[in-house]
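File shown here: run_29.tsv, holding TSV, C-alpha atoms.
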```tsv
chain	number	residue	atom	x	y	z
A	4	MET	CA	0.00	0.00	0.00
A	5	ASN	CA	1.16	3.54	-0.73
A	6	GLN	CA	-0.69	5.95	1.55
A	7	THR	CA	-3.66	6.16	3.88
A	8	VAL	CA	-6.12	8.81	2.75
A	9	ILE	CA	-9.19	10.36	4.37
A	10	ILE	CA	-11.63	11.97	1.95
A	11	THR	CA	-14.59	13.88	3.33
A	12	GLY	CA	-17.80	14.06	1.32
A	13	ALA	CA	-16.78	11.01	-0.69
A	14	SER	CA	-20.22	9.72	-1.68
A	15	ARG	CA	-20.71	11.60	-4.94
A	16	GLY	CA	-19.35	14.11	-7.42
A	17	ILE	CA	-15.78	15.26	-6.94
A	18	GLY	CA	-15.31	13.39	-3.66
A	19	ARG	CA	-16.43	10.12	-5.22
A	20	GLU	CA	-14.01	10.46	-8.11
A	21	ILE	CA	-11.14	11.33	-5.78
A	22	ALA	CA	-11.88	8.30	-3.60
A	23	ILE	CA	-11.93	5.93	-6.56
A	24	ARG	CA	-8.67	7.33	-7.93
A	25	PHE	CA	-6.83	6.87	-4.63
A	26	ALA	CA	-8.21	3.36	-4.16
A	27	GLU	CA	-7.21	2.34	-7.69
A	28	LYS	CA	-3.64	3.41	-6.88
A	29	ASN	CA	-3.59	0.85	-4.05
A	30	ASN	CA	-3.96	3.31	-1.22
A	31	ASN	CA	-5.96	2.71	1.96
A	32	VAL	CA	-8.97	4.99	1.63
A	33	VAL	CA	-11.42	6.19	4.28
A	34	LEU	CA	-14.61	7.39	2.60
A	35	ASN	CA	-16.46	9.86	4.77
A	36	TYR	CA	-20.15	10.57	4.22
A	37	LEU	CA	-23.15	11.78	6.21
A	38	ASN	CA	-26.59	11.38	4.61
A	39	SER	CA	-25.91	9.93	1.15
A	40	HIS	CA	-26.33	6.28	2.12
A	41	CYS	CA	-27.35	4.97	-1.30
A	42	GLU	CA	-24.59	6.82	-3.10
A	43	ILE	CA	-21.82	5.71	-0.73
A	44	ASN	CA	-22.97	2.09	-0.98
A	45	GLU	CA	-22.70	2.30	-4.75
A	46	VAL	CA	-19.11	3.51	-4.40
A	47	ALA	CA	-18.38	0.72	-1.93
A	48	LEU	CA	-19.78	-1.91	-4.29
A	49	GLU	CA	-17.59	-0.64	-7.11
A	50	LEU	CA	-14.46	-0.76	-4.95
A	51	GLU	CA	-15.33	-4.19	-3.53
A	52	GLN	CA	-15.64	-5.61	-7.03
A	53	GLU	CA	-12.06	-4.50	-7.68
A	54	ASN	CA	-10.88	-5.86	-4.32
A	55	LEU	CA	-9.51	-2.47	-3.26
A	56	SER	CA	-8.65	-1.30	0.26
A	57	PHE	CA	-11.22	1.07	1.74
A	58	CYS	CA	-13.65	1.64	4.56
A	59	LEU	CA	-16.76	3.77	4.99
A	60	TYR	CA	-17.19	6.11	7.92
A	61	ARG	CA	-20.30	8.15	8.63
A	62	ALA	CA	-19.48	11.40	10.40
A	63	ASP	CA	-20.68	14.99	10.44
A	64	VAL	CA	-17.53	17.01	9.74
A	65	SER	CA	-18.98	19.96	11.63
A	66	ASN	CA	-19.06	17.82	14.80
A	67	ARG	CA	-15.61	17.60	16.37
A	68	PHE	CA	-16.41	14.52	18.45
A	69	GLU	CA	-17.49	12.57	15.36
A	70	VAL	CA	-14.44	13.74	13.41
A	71	ASP	CA	-12.03	12.66	16.16
A	72	LYS	CA	-13.71	9.25	16.28
A	73	MET	CA	-13.32	8.91	12.51
A	74	VAL	CA	-9.62	9.77	12.58
A	75	ASP	CA	-9.00	7.46	15.54
A	76	TYR	CA	-10.77	4.67	13.63
A	77	CYS	CA	-8.50	5.31	10.64
A	78	ILE	CA	-5.40	5.03	12.84
A	79	LYS	CA	-6.61	1.82	14.48
A	80	LYS	CA	-7.41	0.24	11.11
A	81	TYR	CA	-4.48	1.42	9.02
A	82	GLY	CA	-1.91	2.68	11.53
A	83	GLN	CA	-1.42	6.10	9.96
A	84	VAL	CA	-2.93	8.95	7.98
A	85	ASP	CA	-0.89	10.49	5.18
A	86	VAL	CA	-3.37	12.55	3.18
A	87	LEU	CA	-6.47	14.51	4.13
A	88	VAL	CA	-8.79	15.81	1.42
A	89	ASN	CA	-11.23	18.36	2.85
A	90	ASN	CA	-13.93	18.03	0.22
A	91	ALA	CA	-17.19	17.93	2.20
A	92	GLY	CA	-19.31	20.98	1.58
A	93	ILE	CA	-22.76	22.39	0.94
A	94	SER	CA	-23.97	25.14	-1.36
A	95	GLU	CA	-27.03	27.35	-1.48
A	96	TYR	CA	-28.41	29.98	-3.83
A	97	GLU	CA	-29.93	32.87	-1.87
A	98	LEU	CA	-30.06	36.67	-1.92
A	99	PHE	CA	-27.79	38.06	0.76
A	100	THR	CA	-30.65	39.99	2.36
A	101	ASN	CA	-32.63	36.75	2.68
A	102	ILE	CA	-29.88	34.65	4.28
A	103	SER	CA	-30.90	33.74	7.81
A	104	GLU	CA	-28.46	33.46	10.69
A	105	ASP	CA	-29.05	29.71	10.74
A	106	GLN	CA	-28.26	29.43	7.02
A	107	TRP	CA	-25.07	31.43	7.50
A	108	ASP	CA	-23.98	29.38	10.50
A	109	LYS	CA	-24.68	26.07	8.77
A	110	MET	CA	-22.64	27.08	5.72
A	111	MET	CA	-19.65	28.08	7.84
A	112	SER	CA	-20.03	25.06	10.08
A	113	VAL	CA	-19.84	22.53	7.26
A	114	ASN	CA	-17.59	24.22	4.70
A	115	LEU	CA	-15.11	25.95	6.98
A	116	LYS	CA	-15.37	24.52	10.47
A	117	GLY	CA	-15.49	21.04	8.95
A	118	ALA	CA	-12.07	21.57	7.39
A	119	PHE	CA	-10.79	23.01	10.67
A	120	ASN	CA	-12.04	19.99	12.62
A	121	CYS	CA	-10.63	17.40	10.23
A	122	THR	CA	-7.29	19.13	9.80
A	123	GLN	CA	-6.69	19.66	13.50
A	124	SER	CA	-7.64	16.06	14.19
A	125	VAL	CA	-5.25	14.49	11.64
A	126	LEU	CA	-2.41	16.74	12.74
A	127	LYS	CA	-2.24	14.84	16.01
A	128	TYR	CA	-0.73	12.06	13.93
A	129	MET	CA	0.94	13.93	11.06
A	130	LEU	CA	3.02	16.24	13.25
A	131	PRO	CA	4.87	13.50	15.17
A	132	ASN	CA	5.61	11.76	11.84
A	133	LYS	CA	6.88	14.99	10.25
A	134	LYS	CA	5.00	14.33	7.02
A	135	GLY	CA	1.59	14.76	5.49
A	136	ARG	CA	-0.51	16.25	2.72
A	137	ILE	CA	-3.57	18.41	3.36
A	138	ILE	CA	-5.65	19.32	0.32
A	139	ASN	CA	-8.59	21.69	0.65
A	140	ILE	CA	-11.33	21.85	-1.98
A	141	SER	CA	-12.47	25.46	-2.29
A	142	SER	CA	-14.18	27.05	-5.30
A	143	ILE	CA	-13.64	29.64	-7.98
A	144	TRP	CA	-16.25	31.66	-6.09
A	145	GLY	CA	-13.91	31.74	-3.12
A	146	ILE	CA	-11.53	33.69	-5.36
A	147	THR	CA	-13.86	36.02	-7.21
A	148	GLY	CA	-17.15	35.83	-5.29
A	149	ALA	CA	-20.61	34.97	-6.59
A	150	ALA	CA	-23.78	37.02	-6.39
A	151	CYS	CA	-26.58	35.29	-4.50
A	152	GLU	CA	-24.00	32.94	-2.97
A	153	VAL	CA	-22.32	35.27	-0.50
A	154	HIS	CA	-22.25	32.83	2.41
A	155	TYR	CA	-20.92	30.07	0.15
A	156	SER	CA	-18.28	32.39	-1.32
A	157	VAL	CA	-17.18	33.52	2.13
A	158	SER	CA	-16.81	29.95	3.37
A	159	LYS	CA	-14.72	28.99	0.35
A	160	ALA	CA	-12.59	32.14	0.61
A	161	GLY	CA	-11.97	31.16	4.22
A	162	LEU	CA	-10.53	27.85	3.03
A	163	ILE	CA	-8.11	29.74	0.81
A	164	GLY	CA	-6.96	31.88	3.73
A	165	MET	CA	-6.63	28.81	5.92
A	166	THR	CA	-4.54	27.08	3.27
A	167	LYS	CA	-2.02	29.90	3.00
A	168	ALA	CA	-1.66	30.53	6.73
A	169	LEU	CA	-1.48	26.87	7.70
A	170	ALA	CA	1.10	26.13	5.00
A	171	LYS	CA	3.44	28.62	6.68
A	172	GLU	CA	2.86	27.05	10.08
A	173	LEU	CA	3.27	23.43	8.99
A	174	GLY	CA	6.09	23.81	6.48
A	175	PRO	CA	8.84	23.23	9.06
A	176	SER	CA	7.17	19.90	9.88
A	177	ASN	CA	7.28	18.78	6.24
A	178	ILE	CA	3.50	18.93	5.93
A	179	THR	CA	2.18	20.61	2.80
A	180	VAL	CA	-1.14	22.42	2.59
A	181	ASN	CA	-2.62	23.25	-0.80
A	182	CYS	CA	-5.98	24.20	-2.19
A	183	ILE	CA	-7.95	23.44	-5.34
A	184	ALA	CA	-10.55	26.02	-6.41
A	185	PRO	CA	-12.61	24.35	-9.16
A	186	GLY	CA	-14.46	26.32	-11.77
A	187	ILE	CA	-17.84	25.15	-13.04
A	188	ILE	CA	-17.88	21.37	-12.79
A	189	GLU	CA	-20.45	18.90	-14.12
A	190	THR	CA	-21.95	17.83	-10.79
A	191	ASP	CA	-25.40	17.96	-9.21
A	192	MET	CA	-24.48	21.40	-7.82
A	193	ILE	CA	-25.28	22.95	-11.21
A	194	GLU	CA	-28.43	20.93	-11.88
A	195	SER	CA	-30.64	23.76	-10.60
A	196	LEU	CA	-29.38	26.09	-13.35
A	197	THR	CA	-31.52	26.66	-16.42
A	198	LYS	CA	-30.33	25.68	-19.88
A	199	LYS	CA	-29.81	29.37	-20.68
A	200	GLU	CA	-27.75	29.92	-17.54
A	201	LYS	CA	-25.57	26.92	-18.34
A	202	GLU	CA	-25.02	28.12	-21.90
A	203	SER	CA	-23.99	31.55	-20.62
A	204	LEU	CA	-21.47	30.07	-18.20
A	205	ARG	CA	-20.11	27.76	-20.89
A	206	ASP	CA	-19.70	30.69	-23.27
A	207	GLN	CA	-17.64	32.51	-20.64
A	208	THR	CA	-15.30	29.52	-20.30
A	209	VAL	CA	-12.33	29.80	-22.65
A	210	LEU	CA	-12.11	26.06	-23.28
A	211	GLY	CA	-15.81	25.98	-24.14
A	212	ARG	CA	-16.84	23.27	-21.70
A	213	PHE	CA	-17.51	22.63	-18.04
A	214	GLY	CA	-14.96	20.71	-16.04
A	215	THR	CA	-15.36	17.10	-14.97
A	216	CYS	CA	-14.84	15.46	-11.61
A	217	GLY	CA	-11.87	13.74	-13.23
A	218	ASP	CA	-10.24	17.10	-13.95
A	219	ILE	CA	-10.31	17.91	-10.24
A	220	ALA	CA	-9.23	14.42	-9.18
A	221	ASN	CA	-6.18	14.78	-11.44
A	222	CYS	CA	-5.10	17.85	-9.47
A	223	VAL	CA	-5.67	16.15	-6.14
A	224	MET	CA	-3.60	13.13	-7.15
A	225	PHE	CA	-0.77	15.42	-8.21
A	226	LEU	CA	-0.82	17.34	-4.93
A	227	ALA	CA	-0.76	14.08	-2.97
A	228	SER	CA	2.22	12.73	-4.93
A	229	ASP	CA	5.96	13.11	-4.46
A	230	ASP	CA	5.98	15.28	-7.60
A	231	SER	CA	4.41	18.10	-5.59
A	232	ALA	CA	6.87	17.94	-2.67
A	233	TYR	CA	8.00	21.55	-3.20
A	234	LEU	CA	4.46	22.94	-3.50
A	235	THR	CA	2.70	24.36	-0.46
A	236	GLY	CA	0.33	27.24	0.23
A	237	GLN	CA	-0.81	27.22	-3.40
A	238	ILE	CA	-4.28	27.81	-4.83
A	239	ILE	CA	-4.78	25.87	-8.04
A	240	SER	CA	-7.92	26.74	-9.99
A	241	PRO	CA	-8.88	24.34	-12.78
A	242	ASN	CA	-11.58	26.48	-14.39
A	243	GLY	CA	-11.09	26.14	-18.16
A	244	GLY	CA	-10.17	29.80	-18.44
A	245	TYR	CA	-13.39	31.08	-16.89
A	246	LEU	CA	-11.27	33.19	-14.57
A	247	ILE	CA	-8.07	34.61	-16.04
```
Show how you would write the structure in this file as structure tokens.
Amino acid sequence: MNQTVIITGASRGIGREIAIRFAEKNNNVVLNYLNSHCEINEVALELEQENLSFCLYRADVSNRFEVDKMVDYCIKKYGQVDVLVNNAGISEYELFTNISEDQWDKMMSVNLKGAFNCTQSVLKYMLPNKKGRIINISSIWGITGAACEVHYSVSKAGLIGMTKALAKELGPSNITVNCIAPGIIETDMIESLTKKEKESLRDQTVLGRFGTCGDIANCVMFLASDDSAYLTGQIISPNGGYLI
């Protein structure tokens, strides 16, 4: 086996693709999920058929107790944790003036506090080993901001700030921290858009297409590899030229 990897929000979309990629490379993979029971079981069935090393763990990333239990389980099962992919997140389309305090708090709790909880928990084991890879999944909207998605944009911008600051703190311990800020990706997060809205976004993308989950997984695999050993504190945005 190469590495032991924890991937949050691994039941569908980008997280699912990342999980499959790591497993196919003969890594031990912990697939975190919360409510997507059917989806995570489909991923598990696919990995079982290929006789790959993985386990499922249900945990709310915004709950520190549940996160600590998940990381402890990973250590007991595999003996180490080498890579953390903070992918779990929620999105919501809402006018800023209509965002309730509960909506704001939930967005920050999952998207930002979740990454804080998971990162702090794995560092208990990464720091003594003087090695590790932390990869945060942000968004293009964390860079440029999106109207009617202010709370989402703020949470994703927070991940970018966390990436840069933490990279400086953890560098001396040989732990890298990097961030991927995807552009518009073909996932269920864009299913609510109208055909006209999708066409407009596609027209604004230089490469003339939306990204795929595979495009993002490629970046994650690179950042987790030895080829990226001299990269830390970086924000990589695979967005097809939507933002230049």
Handout entry: Counting only C-alpha atoms, the option among A:Asn181, A:Leu246, A:Phe99, A:Asp191 closest to Phe225 in chain A
Key =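 Of the candidates, the smallest distance to Phe225 in chain A is held by A:Asn181.
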Practice task
Pick out the residues sitting within 12 Å of Thr208 in chain A, and hand them over as number ranges by chain; count all atoms listed in the file, and ignore anything fewer than 4 positions along from it in its own chain.
Solution key: A: 186-188, 201-204, 212-214, 241-247
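Each of A:Tyr36, A:Trp107, A:Tyr76, A:Phe25 was checked against Val64 in chain A using all atoms listed in the file; the smallest atom-to-atom distance is that of A:Tyr36.
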Handout entry: Best match for closeness to Ala91 in chain A among A:Gly164, A:Gly217, A:Gly135, A:Gly12, counting only C-alpha atoms
Key =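 Answer, going by the shortest atom-to-atom distance: A:Gly12.
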Handout entry: Residues within 9 Å of range 143-150 of chain A, all atoms listed in the file, excluding chain neighbours under 2 positions, as a list in words
Key =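 Listing them by chain and then by number gives Tyr96, Glu97, Leu98, Phe99, Ser141, Glu152, Val153, Tyr155, Ser156, Val157, Ser158, Lys159, Ala160, Gly161, Leu162, Ile163, Ile183, Ala184, Pro185, Gly186, Ile187, Ser240, Pro241, Asn242 and Leu246 of chain A.
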Spatial neighbours of Leu130 in chain A, max dist 7 Å, all atoms listed in the file, sep filter under 4 positions, as an mmCIF file with C-alpha atoms, in the coordinates of the input:
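What follows is the written file around.cif:
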```
data_model
loop_
_atom_site.group_PDB
_atom_site.id
_atom_site.type_symbol
_atom_site.label_atom_id
_atom_site.label_comp_id
_atom_site.auth_asym_id
_atom_site.auth_seq_id
_atom_site.Cartn_x
_atom_site.Cartn_y
_atom_site.Cartn_z
ATOM 1 C CA LEU A 126 -2.410 16.740 12.740
ATOM 2 C CA LYS A 134 5.000 14.330 7.020
ATOM 3 C CA SER A 176 7.170 19.900 9.880
#
```
Completion exercise
Separating CA of Ile78 in chain A from CA of Asp229 in chain A, to the nearest tenth of an Å, is a gap of 22.2 Å
Practice task
Rank A:Val33, A:Ile219, A:Met111, A:Ile21 by their smallest atom-to-atom distance to Ser65 in chain A, using all atoms listed in the file, and report the top residue only.
Solution key: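 Nearest to Ser65 in chain A: A:Met111.
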Handout entry: Closest of A:Thr235, A:Arg24, A:Met110, A:Cys222 to Lys171 in chain A - atom-to-atom distances counting all atoms listed in the file
Key = A:Thr235
Exercise for the section: Name the closest residue to Gly236 in chain A among the candidates A:Asn221, A:Thr197, A:Thr166, A:Thr11; distances are taken between atoms, counting only C-alpha atoms. Expected result: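 Smallest distance to Gly236 in chain A is found for A:Thr166.
Across the structure, CA of Cys182 in chain A and CA of Glu95 in chain A are spaced 21.3 Å apart.
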Handout entry: Between CA of Val70 in chain A and CA of Leu173 in chain A, distance in Å (one decimal)
Key = 20.7 Å
Please identify all polymer residues lying at most 12 Å from the point (-0.9, 13.3, 15.5) (file coordinates), using only C-alpha atoms, and present the result as a PDB file with C-alpha atoms, in the frame of the given file.
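File point_6.pdb, as written:
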```
ATOM      1  CA  ASP A  71     -12.030  12.660  16.160  1.00  0.00           C
ATOM      2  CA  VAL A  74      -9.620   9.770  12.580  1.00  0.00           C
ATOM      3  CA  ASP A  75      -9.000   7.460  15.540  1.00  0.00           C
ATOM      4  CA  ILE A  78      -5.400   5.030  12.840  1.00  0.00           C
ATOM      5  CA  GLY A  82      -1.910   2.680  11.530  1.00  0.00           C
ATOM      6  CA  GLN A  83      -1.420   6.100   9.960  1.00  0.00           C
ATOM      7  CA  VAL A  84      -2.930   8.950   7.980  1.00  0.00           C
ATOM      8  CA  ASP A  85      -0.890  10.490   5.180  1.00  0.00           C
ATOM      9  CA  CYS A 121     -10.630  17.400  10.230  1.00  0.00           C
ATOM     10  CA  THR A 122      -7.290  19.130   9.800  1.00  0.00           C
ATOM     11  CA  GLN A 123      -6.690  19.660  13.500  1.00  0.00           C
ATOM     12  CA  SER A 124      -7.640  16.060  14.190  1.00  0.00           C
ATOM     13  CA  VAL A 125      -5.250  14.490  11.640  1.00  0.00           C
ATOM     14  CA  LEU A 126      -2.410  16.740  12.740  1.00  0.00           C
ATOM     15  CA  LYS A 127      -2.240  14.840  16.010  1.00  0.00           C
ATOM     16  CA  TYR A 128      -0.730  12.060  13.930  1.00  0.00           C
ATOM     17  CA  MET A 129       0.940  13.930  11.060  1.00  0.00           C
ATOM     18  CA  LEU A 130       3.020  16.240  13.250  1.00  0.00           C
ATOM     19  CA  PRO A 131       4.870  13.500  15.170  1.00  0.00           C
ATOM     20  CA  ASN A 132       5.610  11.760  11.840  1.00  0.00           C
ATOM     21  CA  LYS A 133       6.880  14.990  10.250  1.00  0.00           C
ATOM     22  CA  LYS A 134       5.000  14.330   7.020  1.00  0.00           C
ATOM     23  CA  GLY A 135       1.590  14.760   5.490  1.00  0.00           C
ATOM     24  CA  SER A 176       7.170  19.900   9.880  1.00  0.00           C
ATOM     25  CA  ILE A 178       3.500  18.930   5.930  1.00  0.00           C
TER      26      ILE A 178
END
```
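Protein and nucleic acid residues near (-10.9, 3.3, 8.9) are Val32, Val33, Phe57, Cys58, Leu59, Tyr60, Met73, Val74, Tyr76, Cys77, Ile78, Lys79, Lys80 and Tyr81 of chain A, the criterion being any atom at most 8 Å away using all atoms listed in the file.
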Problem - 12 Å contact set for Asn38 in chain A, all atoms listed in the file, chain neighbours under 3 positions out, as a list in words - result: Gly12, Ala13, Ser14, Arg15, Asn35, Cys41, Glu42, Ile43, Asn44, Tyr60, Arg61, Ala62, Asp63, Val64 and Ala91 of chain A
Would you save range 216-236 of chain A to a file, keeping N, CA and C atoms, as a PDB file, in the first residue's frame?
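As a result, selection.pdb now contains:
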```
ATOM      1  N   CYS A 216     -15.383  15.872 -12.902  1.00  0.00           N
ATOM      2  CA  CYS A 216     -14.842  15.459 -11.606  1.00  0.00           C
ATOM      3  C   CYS A 216     -13.433  14.894 -11.783  1.00  0.00           C
ATOM      4  N   GLY A 217     -13.200  14.279 -12.938  1.00  0.00           N
ATOM      5  CA  GLY A 217     -11.874  13.743 -13.233  1.00  0.00           C
ATOM      6  C   GLY A 217     -10.814  14.829 -13.332  1.00  0.00           C
ATOM      7  N   ASP A 218     -11.196  15.986 -13.865  1.00  0.00           N
ATOM      8  CA  ASP A 218     -10.244  17.097 -13.951  1.00  0.00           C
ATOM      9  C   ASP A 218      -9.759  17.504 -12.564  1.00  0.00           C
ATOM     10  N   ILE A 219     -10.665  17.511 -11.604  1.00  0.00           N
ATOM     11  CA  ILE A 219     -10.307  17.906 -10.241  1.00  0.00           C
ATOM     12  C   ILE A 219      -9.526  16.792  -9.553  1.00  0.00           C
ATOM     13  N   ALA A 220      -9.940  15.557  -9.771  1.00  0.00           N
ATOM     14  CA  ALA A 220      -9.228  14.419  -9.179  1.00  0.00           C
ATOM     15  C   ALA A 220      -7.783  14.373  -9.661  1.00  0.00           C
ATOM     16  N   ASN A 221      -7.541  14.741 -10.920  1.00  0.00           N
ATOM     17  CA  ASN A 221      -6.175  14.784 -11.439  1.00  0.00           C
ATOM     18  C   ASN A 221      -5.305  15.725 -10.613  1.00  0.00           C
ATOM     19  N   CYS A 222      -5.852  16.875 -10.267  1.00  0.00           N
ATOM     20  CA  CYS A 222      -5.101  17.854  -9.472  1.00  0.00           C
ATOM     21  C   CYS A 222      -4.831  17.333  -8.069  1.00  0.00           C
ATOM     22  N   VAL A 223      -5.839  16.698  -7.485  1.00  0.00           N
ATOM     23  CA  VAL A 223      -5.671  16.145  -6.136  1.00  0.00           C
ATOM     24  C   VAL A 223      -4.581  15.080  -6.121  1.00  0.00           C
ATOM     25  N   MET A 224      -4.604  14.188  -7.092  1.00  0.00           N
ATOM     26  CA  MET A 224      -3.598  13.127  -7.153  1.00  0.00           C
ATOM     27  C   MET A 224      -2.185  13.699  -7.295  1.00  0.00           C
ATOM     28  N   PHE A 225      -2.075  14.768  -8.062  1.00  0.00           N
ATOM     29  CA  PHE A 225      -0.769  15.417  -8.206  1.00  0.00           C
ATOM     30  C   PHE A 225      -0.305  16.008  -6.880  1.00  0.00           C
ATOM     31  N   LEU A 226      -1.196  16.708  -6.185  1.00  0.00           N
ATOM     32  CA  LEU A 226      -0.823  17.340  -4.925  1.00  0.00           C
ATOM     33  C   LEU A 226      -0.511  16.331  -3.831  1.00  0.00           C
ATOM     34  N   ALA A 227      -1.032  15.121  -3.956  1.00  0.00           N
ATOM     35  CA  ALA A 227      -0.757  14.076  -2.967  1.00  0.00           C
ATOM     36  C   ALA A 227       0.501  13.283  -3.298  1.00  0.00           C
ATOM     37  N   SER A 228       1.073  13.523  -4.469  1.00  0.00           N
ATOM     38  CA  SER A 228       2.216  12.731  -4.929  1.00  0.00           C
ATOM     39  C   SER A 228       3.543  13.374  -4.558  1.00  0.00           C
ATOM     40  N   ASP A 229       4.608  12.602  -4.710  1.00  0.00           N
ATOM     41  CA  ASP A 229       5.959  13.115  -4.456  1.00  0.00           C
ATOM     42  C   ASP A 229       6.334  14.216  -5.446  1.00  0.00           C
ATOM     43  N   ASP A 230       5.674  14.256  -6.592  1.00  0.00           N
ATOM     44  CA  ASP A 230       5.979  15.276  -7.598  1.00  0.00           C
ATOM     45  C   ASP A 230       5.639  16.686  -7.117  1.00  0.00           C
ATOM     46  N   SER A 231       4.805  16.782  -6.086  1.00  0.00           N
ATOM     47  CA  SER A 231       4.411  18.101  -5.587  1.00  0.00           C
ATOM     48  C   SER A 231       5.113  18.466  -4.271  1.00  0.00           C
ATOM     49  N   ALA A 232       6.205  17.781  -3.967  1.00  0.00           N
ATOM     50  CA  ALA A 232       6.867  17.938  -2.671  1.00  0.00           C
ATOM     51  C   ALA A 232       7.305  19.372  -2.375  1.00  0.00           C
ATOM     52  N   TYR A 233       7.528  20.172  -3.408  1.00  0.00           N
ATOM     53  CA  TYR A 233       7.995  21.551  -3.202  1.00  0.00           C
ATOM     54  C   TYR A 233       6.864  22.561  -3.354  1.00  0.00           C
ATOM     55  N   LEU A 234       5.630  22.073  -3.393  1.00  0.00           N
ATOM     56  CA  LEU A 234       4.460  22.943  -3.502  1.00  0.00           C
ATOM     57  C   LEU A 234       3.732  23.010  -2.162  1.00  0.00           C
ATOM     58  N   THR A 235       3.539  24.204  -1.641  1.00  0.00           N
ATOM     59  CA  THR A 235       2.699  24.363  -0.463  1.00  0.00           C
ATOM     60  C   THR A 235       2.143  25.782  -0.430  1.00  0.00           C
ATOM     61  N   GLY A 236       0.975  25.928   0.152  1.00  0.00           N
ATOM     62  CA  GLY A 236       0.325  27.235   0.229  1.00  0.00           C
ATOM     63  C   GLY A 236      -0.219  27.726  -1.095  1.00  0.00           C
TER      64      GLY A 236
END
```
